[in-house]
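Structure, as structure tokens:
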Amino acid sequence: MKKYENALLLVGSPKGSLSSSVSLGNSLTLSLEELGLSIDTEYLYKLVKKEDGQKKLISKVEDADLIILAFPLYIDCLPAGVIKALELIAIYRQSMSNPKKQGFVVIINCGFPETQHNNVAVSICKIFAREVGYEWKGALALGMGGAFGGKSLEERGGMVRNVIKGFDIAAQALSEGEKIPEEAIELVGKKFMPITLYTKMGNLGWNIQAKKFGARKKIRDQPYL
Ligand SMILES: Cc1cc2nc3c(=O)[nH]c(=O)nc-3n(C[C@H](O)[C@H](O)[C@H](O)COP(=O)(O)O)c2cc1C
């Protein structure tokens, strides 16, 4: 199997460096770096809006052996900026007579506690890989994404030990040009705190934000009913 020399992390959250997507993406790329790959990171929302950014995206993608796309789930699907990036890549790849063989991996996190909300988005990414001729290396998906909030996985500590272990196993396989093993996918997708605790923390977070913006009394409003 061919070993990859470099990997490109594409962060697909509009929250950029404060996102859970970058925390998760960095965890995988740090392990890959330790295994000898050189790593480049780009933020899709910075690139897709203007022509020079779009050109930069295509040239970065073209140079990569392994492309890692990390993004949040939006309405059971991909955020608009990520869809735009994939469309640009597809147009470029379809214009080439002999497109380069490259590996493609996705990391998806969602706000609901259960991992399976990401299933449709995983399928969309898999179909994208097939359509543009990328080698599909697998998807690492998880729920409870709100627990990361831009912090590194190490900062989150023992609570996310299975996620860290899953990323390590995935990195080892990817560095050898192999697909992400099922064991890694399961470890990353395992719930890492009780759902009731996650929901309580989420509710607390909403209340703190409502207070900050003077909207405490409006939090239960349903304006579209
Ligand atoms: C517009 C929007 C749509 C969302 N849709 C979903 C959804 O369908 N299912 C879900 O579980 N979480 C959904 N979320 C929550 C995000 O996936 C979650 O907050 C995630 O952890 C954000 O990751 P990030 O920090 O990488 O952006 C949505 C968030 C936003 C802003």
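Ordering of the structure tokens sets the chain letters (A, B, ...), residue numbers begin anew at 1 in every chain, and ligands are numbered from 1 in the order given.
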Sorted per-residue table, chain A near ligand 1, closest atoms and distance, 10 Å, only C-alpha atoms and all ligand atoms, as a tab-separated table:
residue	atom	partner	partner_atom_place_in_ligand_line	distance
A:Val11	CA	ligand 1	26 (O)	8.1
A:Gly12	CA	ligand 1	26 (O)	7.4
A:Ser13	CA	ligand 1	27 (O)	4.4
A:Pro14	CA	ligand 1	27 (O)	6.3
A:Lys15	CA	ligand 1	27 (O)	5.5
A:Gly16	CA	ligand 1	27 (O)	7.6
A:Ser17	CA	ligand 1	25 (O)	8.9
A:Leu18	CA	ligand 1	25 (O)	6.8
A:Ser19	CA	ligand 1	25 (O)	3.4
A:Ser20	CA	ligand 1	25 (O)	3.8
A:Ser21	CA	ligand 1	26 (O)	3.6
A:Val22	CA	ligand 1	26 (O)	6.6
A:Ser23	CA	ligand 1	26 (O)	8.0
A:Leu24	CA	ligand 1	26 (O)	8.4
A:Gly25	CA	ligand 1	26 (O)	9.5
A:Ala70	CA	ligand 1	26 (O)	7.6
A:Phe71	CA	ligand 1	26 (O)	5.5
A:Pro72	CA	ligand 1	23 (O)	4.2
A:Leu73	CA	ligand 1	17 (O)	4.0
A:Tyr74	CA	ligand 1	5 (N)	3.4
A:Ile75	CA	ligand 1	8 (O)	3.2
A:Asp76	CA	ligand 1	8 (O)	4.0
A:Cys77	CA	ligand 1	8 (O)	6.8
A:Leu78	CA	ligand 1	5 (N)	8.9
A:Pro79	CA	ligand 1	1 (C)	7.6
A:Ala80	CA	ligand 1	1 (C)	9.5
A:Ile107	CA	ligand 1	26 (O)	9.7
A:Ile108	CA	ligand 1	26 (O)	8.1
A:Asn109	CA	ligand 1	21 (O)	5.5
A:Cys110	CA	ligand 1	17 (O)	3.6
A:Gly111	CA	ligand 1	18 (C)	3.7
A:Phe112	CA	ligand 1	11 (O)	3.7
A:Pro113	CA	ligand 1	11 (O)	7.0
A:Glu114	CA	ligand 1	11 (O)	7.6
A:Thr115	CA	ligand 1	11 (O)	8.3
A:Gln116	CA	ligand 1	11 (O)	9.1
A:His117	CA	ligand 1	11 (O)	6.0
A:Asn118	CA	ligand 1	11 (O)	7.5
A:Ala121	CA	ligand 1	8 (O)	9.9
A:Leu142	CA	ligand 1	21 (O)	9.2
A:Gly143	CA	ligand 1	11 (O)	6.7
A:Met144	CA	ligand 1	21 (O)	6.7
A:Gly145	CA	ligand 1	21 (O)	3.6
A:Gly146	CA	ligand 1	21 (O)	4.4
A:Ala147	CA	ligand 1	21 (O)	7.5
A:Phe148	CA	ligand 1	25 (O)	7.5
A:Gly149	CA	ligand 1	25 (O)	5.8
A:Gly150	CA	ligand 1	25 (O)	6.8
Next on the checklist: Let's see if you can do this: from backbone DSSP, list all strand (DSSP E or B) residues in region 19-62 of chain A, as a list in words.
Outcome noted: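 Everything in region 19-62 of chain A that counts as strand (DSSP E or B) is Ser38, Ile39, Asp40, Thr41, Glu42 and Tyr43 of chain A.
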Item to check | Ile164 (chain A) environment, 8 Å, only C-alpha atoms, sequence neighbours closer than 3 positions dropped, as an MDAnalysis selection string | outcome: chainID A and resid 27 153 160:161 167:168 188
Item to check | Shell around region 171-175 of chain A at 8 Å using only C-alpha atoms, local window under 6 positions removed, as a list in words | outcome: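 Near region 171-175 of chain A, the qualifying residues are Lys3, Tyr4, Leu28, Thr29, Ser31, Leu32, Leu35, Leu37, Lys137 and Pro181 of chain A.
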Next on the checklist: Using only C-alpha atoms, which protein or nucleic acid residues come within 10 Å of Asp65 (chain A)? Drop anything in the same chain fewer than 6 positions from it, and give the result as a ChimeraX atom specification.
Outcome noted: /A:3-8,37,100-104,177
What does the file look like for those residues with N, CA and C atoms, as a short mmCIF file (atom, residue, chain, number, x, y, z; two decimals), in the first residue's frame?
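Ended up saving to again.cif:
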data_model
loop_
_atom_site.label_atom_id
_atom_site.label_comp_id
_atom_site.auth_asym_id
_atom_site.auth_seq_id
_atom_site.Cartn_x
_atom_site.Cartn_y
_atom_site.Cartn_z
N LYS A 3 2.20 4.79 0.99
CA LYS A 3 2.17 5.59 2.21
C LYS A 3 2.03 7.05 1.82
N TYR A 4 1.19 7.78 2.55
CA TYR A 4 1.02 9.21 2.26
C TYR A 4 2.18 10.01 2.84
N GLU A 5 2.56 11.07 2.10
CA GLU A 5 3.61 11.95 2.61
C GLU A 5 3.05 13.19 3.27
N ASN A 6 1.88 13.62 2.80
CA ASN A 6 1.30 14.83 3.39
C ASN A 6 -0.21 14.74 3.46
N ALA A 7 -0.77 15.58 4.36
CA ALA A 7 -2.24 15.61 4.51
C ALA A 7 -2.68 17.06 4.61
N LEU A 8 -3.86 17.33 4.05
CA LEU A 8 -4.44 18.68 4.12
C LEU A 8 -5.72 18.60 4.95
N LEU A 37 3.91 12.42 8.56
CA LEU A 37 3.29 13.18 7.46
C LEU A 37 3.46 14.67 7.71
N LYS A 100 -5.35 13.06 -10.27
CA LYS A 100 -4.46 12.36 -9.35
C LYS A 100 -5.24 11.50 -8.34
N LYS A 101 -4.69 10.36 -7.97
CA LYS A 101 -5.31 9.51 -6.93
C LYS A 101 -5.01 10.10 -5.57
N GLN A 102 -6.04 10.43 -4.83
CA GLN A 102 -5.85 11.01 -3.50
C GLN A 102 -6.80 10.38 -2.49
N GLY A 103 -6.38 10.32 -1.25
CA GLY A 103 -7.25 9.77 -0.21
C GLY A 103 -8.18 10.84 0.34
N PHE A 104 -9.35 10.44 0.77
CA PHE A 104 -10.34 11.40 1.28
C PHE A 104 -11.00 10.82 2.55
N GLY A 177 -1.75 4.20 4.20
CA GLY A 177 -2.56 4.21 2.99
C GLY A 177 -3.78 3.32 3.08
#
Checklist entry - Quick one: residues within 9 Å of Leu88 (chain A), only C-alpha atoms counted, chain neighbours fewer than 5 positions away excluded, as a list in words? => result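 So, after excluding close chain neighbours, the residues are Val48, Gln54, Leu57, Ile58, Ile83 and Arg93 of chain A.
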Contact residues around Lys49 (chain A) with only C-alpha atoms at 10 Å, ignoring same-chain residues under 4 positions, as a short mmCIF file (atom, residue, chain, number, x, y, z; two decimals) with C-alpha atoms, in the first residue's frame:
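Below you can see around-v7.cif, which holds the result:
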data_model
loop_
_atom_site.label_atom_id
_atom_site.label_comp_id
_atom_site.auth_asym_id
_atom_site.auth_seq_id
_atom_site.Cartn_x
_atom_site.Cartn_y
_atom_site.Cartn_z
CA LEU A 44 -12.97 26.70 4.00
CA TYR A 45 -15.13 29.69 4.94
CA GLY A 53 -9.39 31.98 -2.19
CA GLN A 54 -11.09 29.46 -4.47
CA GLY A 81 -19.45 26.72 2.61
CA LYS A 84 -19.49 25.17 -2.20
CA ALA A 85 -15.94 23.82 -1.69
#
Next on the checklist: What parts of region 29-205 of chain A does DSSP call alpha helix (DSSP H)? I'd like the answer as a ChimeraX atom specification.
Outcome noted: /A:29-34,44-47,51-63,80-94,119-132,153-156,161-175,182-189,195-205
Checklist entry - Pick from A:Gly36, A:Met159, A:Leu140, A:Gln209: nearest to Pro194 (chain A), with only C-alpha atoms counted? => result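 Ranking A:Gly36, A:Met159, A:Leu140, A:Gln209 by distance to Pro194 (chain A), first place goes to A:Met159.
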Next on the checklist: Using only C-alpha atoms, can you tell me which of A:Thr196, A:Gln94, A:Thr41, A:Gln222 comes closest to Glu131 (chain A)?
Outcome noted: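 Closest residue, counting only C-alpha atoms: A:Gln94.
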Item to check | A:Ile195, A:Ile67, A:Leu10, A:Met201 ranked by distance to Glu135 (chain A), top pick (using only C-alpha atoms) | outcome: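 When distances to Glu135 (chain A) are compared using only C-alpha atoms, the smallest one comes from A:Ile67.
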Checklist entry - In Å, how far is it from CA of Ile180 (chain A) to CA of Gly138 (chain A)? => result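 CA of Gly138 (chain A) lies 5.5 Å from CA of Ile180 (chain A).
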Item to check | d(CA of Lys60 (chain A), CA of Ala184 (chain A)) in Å | outcome: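 Calculated distance between CA of Lys60 (chain A) and CA of Ala184 (chain A) is 27.3 Å.
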